[in-house]
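Structure file entry37.cif (mmCIF, N, CA and C atoms) follows.
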```cif
data_structure
#
loop_
_atom_site.label_atom_id
_atom_site.label_comp_id
_atom_site.auth_asym_id
_atom_site.auth_seq_id
_atom_site.Cartn_x
_atom_site.Cartn_y
_atom_site.Cartn_z
N MET A 1 144.59 93.03 166.69
CA MET A 1 143.20 92.76 167.03
C MET A 1 142.50 92.26 165.77
N ASN A 2 141.82 91.13 165.89
CA ASN A 2 141.12 90.60 164.73
C ASN A 2 139.67 91.07 164.70
N GLY A 3 138.95 90.68 163.66
CA GLY A 3 137.58 91.12 163.47
C GLY A 3 136.63 90.66 164.56
N ALA A 4 136.85 89.44 165.07
CA ALA A 4 135.96 88.91 166.12
C ALA A 4 136.11 89.72 167.40
N ASP A 5 137.35 90.08 167.75
CA ASP A 5 137.58 90.89 168.95
C ASP A 5 136.93 92.26 168.80
N PHE A 6 137.06 92.83 167.63
CA PHE A 6 136.48 94.15 167.38
C PHE A 6 134.96 94.09 167.49
N ASN A 7 134.35 93.05 166.89
CA ASN A 7 132.89 92.90 166.97
C ASN A 7 132.43 92.71 168.40
N GLU A 8 133.19 91.93 169.16
CA GLU A 8 132.85 91.71 170.57
C GLU A 8 132.92 93.01 171.35
N MET A 9 133.93 93.81 171.11
CA MET A 9 134.07 95.10 171.79
C MET A 9 132.92 96.03 171.42
N GLN A 10 132.51 96.01 170.16
CA GLN A 10 131.40 96.84 169.71
C GLN A 10 130.11 96.43 170.40
N LYS A 11 129.89 95.11 170.54
CA LYS A 11 128.69 94.62 171.21
C LYS A 11 128.67 95.05 172.68
N MET A 12 129.81 94.92 173.34
CA MET A 12 129.91 95.31 174.74
C MET A 12 129.63 96.80 174.89
N LYS A 13 130.16 97.60 173.98
CA LYS A 13 129.95 99.04 174.02
C LYS A 13 128.47 99.38 173.83
N GLN A 14 127.81 98.68 172.91
CA GLN A 14 126.39 98.91 172.67
C GLN A 14 125.56 98.53 173.90
N ILE A 15 125.91 97.42 174.54
CA ILE A 15 125.19 96.99 175.73
C ILE A 15 125.34 98.02 176.85
N GLU A 16 126.55 98.53 177.04
CA GLU A 16 126.79 99.54 178.06
C GLU A 16 125.99 100.81 177.78
N GLU A 17 125.93 101.21 176.53
CA GLU A 17 125.15 102.40 176.15
C GLU A 17 123.67 102.18 176.42
N MET A 18 123.16 100.99 176.11
CA MET A 18 121.75 100.69 176.37
C MET A 18 121.47 100.72 177.87
N LYS A 19 122.39 100.15 178.67
CA LYS A 19 122.22 100.17 180.12
C LYS A 19 122.16 101.60 180.64
N LYS A 20 123.07 102.45 180.15
CA LYS A 20 123.09 103.85 180.59
C LYS A 20 121.79 104.56 180.24
N LYS A 21 121.28 104.32 179.03
CA LYS A 21 120.03 104.95 178.59
C LYS A 21 118.87 104.52 179.49
N ILE A 22 118.77 103.22 179.75
CA ILE A 22 117.67 102.72 180.57
C ILE A 22 117.77 103.27 181.98
N LEU A 23 118.99 103.24 182.56
CA LEU A 23 119.16 103.74 183.92
C LEU A 23 118.82 105.23 184.00
N ALA A 24 119.22 106.00 182.99
CA ALA A 24 118.91 107.42 182.98
C ALA A 24 117.41 107.65 182.89
N THR A 25 116.70 106.72 182.27
CA THR A 25 115.25 106.83 182.14
C THR A 25 114.53 106.47 183.44
N ILE A 26 114.99 105.42 184.12
CA ILE A 26 114.26 104.93 185.29
C ILE A 26 114.70 105.56 186.60
N LEU A 27 115.84 106.26 186.61
CA LEU A 27 116.34 106.88 187.83
C LEU A 27 116.13 108.38 187.81
N SER A 28 115.81 108.95 188.96
CA SER A 28 115.78 110.40 189.06
C SER A 28 117.22 110.92 188.93
N LYS A 29 117.35 112.20 188.72
CA LYS A 29 118.69 112.78 188.55
C LYS A 29 119.56 112.51 189.79
N ASP A 30 118.99 112.70 190.97
CA ASP A 30 119.75 112.48 192.21
C ASP A 30 120.14 111.00 192.36
N ALA A 31 119.23 110.10 192.04
CA ALA A 31 119.52 108.67 192.16
C ALA A 31 120.60 108.26 191.17
N TYR A 32 120.55 108.81 189.96
CA TYR A 32 121.56 108.50 188.94
C TYR A 32 122.94 108.99 189.39
N GLU A 33 122.97 110.19 189.97
CA GLU A 33 124.24 110.74 190.47
C GLU A 33 124.77 109.90 191.63
N ARG A 34 123.88 109.45 192.50
CA ARG A 34 124.30 108.61 193.62
C ARG A 34 124.92 107.31 193.09
N LEU A 35 124.27 106.70 192.11
CA LEU A 35 124.80 105.47 191.53
C LEU A 35 126.19 105.71 190.92
N ALA A 36 126.37 106.85 190.28
CA ALA A 36 127.67 107.17 189.69
C ALA A 36 128.74 107.31 190.78
N ARG A 37 128.39 107.94 191.90
CA ARG A 37 129.34 108.08 193.01
C ARG A 37 129.68 106.73 193.62
N VAL A 38 128.67 105.87 193.74
CA VAL A 38 128.91 104.53 194.28
C VAL A 38 129.82 103.75 193.34
N ARG A 39 129.62 103.91 192.05
CA ARG A 39 130.44 103.22 191.06
C ARG A 39 131.92 103.57 191.23
N VAL A 40 132.21 104.83 191.55
CA VAL A 40 133.60 105.26 191.77
C VAL A 40 134.17 104.59 193.02
N ALA A 41 133.36 104.50 194.07
CA ALA A 41 133.84 103.97 195.35
C ALA A 41 133.80 102.45 195.41
N ASN A 42 132.79 101.84 194.79
CA ASN A 42 132.60 100.39 194.91
C ASN A 42 131.95 99.87 193.64
N GLN A 43 132.76 99.46 192.68
CA GLN A 43 132.24 99.01 191.39
C GLN A 43 131.35 97.77 191.51
N GLU A 44 131.69 96.89 192.41
CA GLU A 44 130.91 95.66 192.57
C GLU A 44 129.49 95.97 193.04
N LEU A 45 129.37 96.83 194.04
CA LEU A 45 128.05 97.21 194.55
C LEU A 45 127.25 97.93 193.47
N ALA A 46 127.89 98.83 192.73
CA ALA A 46 127.20 99.55 191.67
C ALA A 46 126.71 98.58 190.59
N GLY A 47 127.53 97.60 190.26
CA GLY A 47 127.14 96.59 189.27
C GLY A 47 125.94 95.78 189.73
N GLN A 48 125.93 95.41 191.02
CA GLN A 48 124.80 94.68 191.57
C GLN A 48 123.53 95.53 191.53
N ALA A 49 123.67 96.80 191.88
CA ALA A 49 122.51 97.70 191.87
C ALA A 49 121.98 97.88 190.45
N GLU A 50 122.87 98.05 189.49
CA GLU A 50 122.44 98.21 188.10
C GLU A 50 121.71 96.97 187.63
N LEU A 51 122.26 95.80 187.93
CA LEU A 51 121.64 94.56 187.51
C LEU A 51 120.24 94.42 188.12
N TYR A 52 120.13 94.71 189.40
CA TYR A 52 118.83 94.63 190.09
C TYR A 52 117.82 95.60 189.45
N LEU A 53 118.24 96.84 189.23
CA LEU A 53 117.35 97.84 188.65
C LEU A 53 116.91 97.46 187.24
N LEU A 54 117.83 96.93 186.45
CA LEU A 54 117.49 96.52 185.09
C LEU A 54 116.53 95.33 185.11
N GLN A 55 116.72 94.43 186.07
CA GLN A 55 115.82 93.28 186.16
C GLN A 55 114.40 93.70 186.53
N ILE A 56 114.26 94.60 187.50
CA ILE A 56 112.89 95.01 187.86
C ILE A 56 112.27 95.85 186.74
N TYR A 57 113.09 96.56 185.99
CA TYR A 57 112.58 97.32 184.85
C TYR A 57 112.04 96.36 183.79
N GLN A 58 112.84 95.32 183.48
CA GLN A 58 112.42 94.36 182.46
C GLN A 58 111.19 93.56 182.90
N ALA A 59 111.06 93.33 184.20
CA ALA A 59 109.91 92.59 184.71
C ALA A 59 108.65 93.47 184.77
N GLY A 60 108.81 94.77 184.54
CA GLY A 60 107.67 95.67 184.54
C GLY A 60 107.17 96.00 185.94
N LYS A 61 108.05 95.90 186.93
CA LYS A 61 107.65 96.13 188.32
C LYS A 61 107.91 97.56 188.80
N LEU A 62 108.33 98.42 187.92
CA LEU A 62 108.61 99.80 188.31
C LEU A 62 107.36 100.65 188.16
N GLU A 63 107.14 101.47 189.15
CA GLU A 63 106.05 102.43 189.09
C GLU A 63 106.66 103.82 189.19
N GLY A 64 106.92 104.43 188.07
CA GLY A 64 107.56 105.74 188.06
C GLY A 64 109.08 105.60 188.16
N ARG A 65 109.70 106.74 188.41
CA ARG A 65 111.15 106.76 188.51
C ARG A 65 111.61 106.40 189.92
N ILE A 66 112.82 105.86 190.00
CA ILE A 66 113.44 105.54 191.28
C ILE A 66 113.99 106.84 191.87
N THR A 67 113.56 107.16 193.08
CA THR A 67 114.03 108.37 193.75
C THR A 67 115.36 108.10 194.45
N ASP A 68 115.96 109.16 194.94
CA ASP A 68 117.22 109.03 195.66
C ASP A 68 117.03 108.20 196.93
N GLU A 69 115.91 108.39 197.61
CA GLU A 69 115.64 107.62 198.83
C GLU A 69 115.50 106.13 198.51
N GLN A 70 114.82 105.82 197.41
CA GLN A 70 114.67 104.43 197.02
C GLN A 70 116.02 103.83 196.62
N MET A 71 116.86 104.63 195.97
CA MET A 71 118.19 104.17 195.59
C MET A 71 119.03 103.88 196.83
N LYS A 72 118.92 104.74 197.85
CA LYS A 72 119.63 104.50 199.11
C LYS A 72 119.21 103.16 199.69
N GLU A 73 117.92 102.87 199.66
CA GLU A 73 117.41 101.62 200.22
C GLU A 73 117.94 100.42 199.43
N VAL A 74 117.94 100.52 198.10
CA VAL A 74 118.47 99.44 197.27
C VAL A 74 119.93 99.19 197.61
N LEU A 75 120.71 100.25 197.71
CA LEU A 75 122.13 100.11 198.01
C LEU A 75 122.34 99.55 199.42
N ARG A 76 121.51 99.98 200.35
CA ARG A 76 121.64 99.49 201.73
C ARG A 76 121.37 97.99 201.79
N VAL A 77 120.32 97.56 201.12
CA VAL A 77 119.96 96.14 201.13
C VAL A 77 121.05 95.31 200.44
N LEU A 78 121.52 95.78 199.30
CA LEU A 78 122.55 95.03 198.57
C LEU A 78 123.87 94.98 199.34
N SER A 79 124.20 96.05 200.02
CA SER A 79 125.48 96.08 200.73
C SER A 79 125.41 95.33 202.06
N SER A 80 124.23 95.19 202.64
CA SER A 80 124.13 94.52 203.94
C SER A 80 124.46 93.03 203.83
N GLY A 81 124.22 92.45 202.69
CA GLY A 81 124.52 91.03 202.51
C GLY A 81 125.99 90.74 202.35
N SER A 82 126.78 91.75 202.03
CA SER A 82 128.20 91.52 201.77
C SER A 82 129.11 92.10 202.85
N LYS A 83 128.53 92.57 203.93
CA LYS A 83 129.37 93.14 204.99
C LYS A 83 130.15 92.05 205.70
N GLN A 84 131.37 92.38 205.99
CA GLN A 84 132.21 91.46 206.74
C GLN A 84 132.48 92.07 208.09
N ASP A 85 132.11 91.34 209.13
CA ASP A 85 132.36 91.82 210.49
C ASP A 85 133.67 91.24 210.98
N PHE A 86 134.38 92.02 211.77
CA PHE A 86 135.60 91.51 212.35
C PHE A 86 135.76 92.12 213.73
N ASN A 87 136.42 91.40 214.58
CA ASN A 87 136.67 91.84 215.93
C ASN A 87 138.17 92.00 216.16
N ILE A 88 138.51 93.00 216.93
CA ILE A 88 139.91 93.22 217.28
C ILE A 88 140.05 92.86 218.75
N ARG A 89 140.93 91.92 219.02
CA ARG A 89 141.15 91.50 220.41
C ARG A 89 142.49 92.01 220.86
N ARG A 90 142.49 92.57 222.03
CA ARG A 90 143.74 93.04 222.63
C ARG A 90 144.16 92.08 223.71
N LYS A 91 145.44 91.87 223.79
CA LYS A 91 145.97 90.96 224.82
C LYS A 91 146.60 91.74 225.93
#
```
Will you turn the file into structure tokens for me?
Amino acid sequence: MNGADFNEMQKMKQIEEMKKKILATILSKDAYERLARVRVANQELAGQAELYLLQIYQAGKLEGRITDEQMKEVLRVLSSGSKQDFNIRRK
């Protein structure tokens, strides 16, 4: 591993730590735990939710902390766009 790779890894680690700090600040305990459980089950959805939450935080559109109910709504909206429907036909 060369110096550039090490520096890149350090930057990524710092960014992840900053994201965790901000999320812990803007989310209630229950909402933060829900996001952690979603991350285990569906990393893509959790990543989308984190990105959305960080964007509204940076835009200054948050009023207080995100509750568990609000987190459920965010996850529901984000997951509804990616649902794939399929039909099973019997012959």
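Going from atom CA of Lys19 of chain A to atom CA of Asn2 of chain A covers 26.2 Å.
Between atom C of Leu62 of chain A and atom N of Gln14 of chain A lies a distance of 25.6 Å.
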Original post:
Using the chain letters and numbers from the file, which residues does the PyMOL selection byres ((chain A and resi 26) around 7) grab, as a PyMOL selection string?
Top reply: chain A and resi 21-25+27-28+64-67
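Here atom CA of Lys29 of chain A is placed at a distance of 7.8 Å from atom N of Asp68 of chain A.
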Original post:
DSSP says alpha helix (DSSP H) for which residues of chain A? Put them as a count of residues only?
Top reply: 66
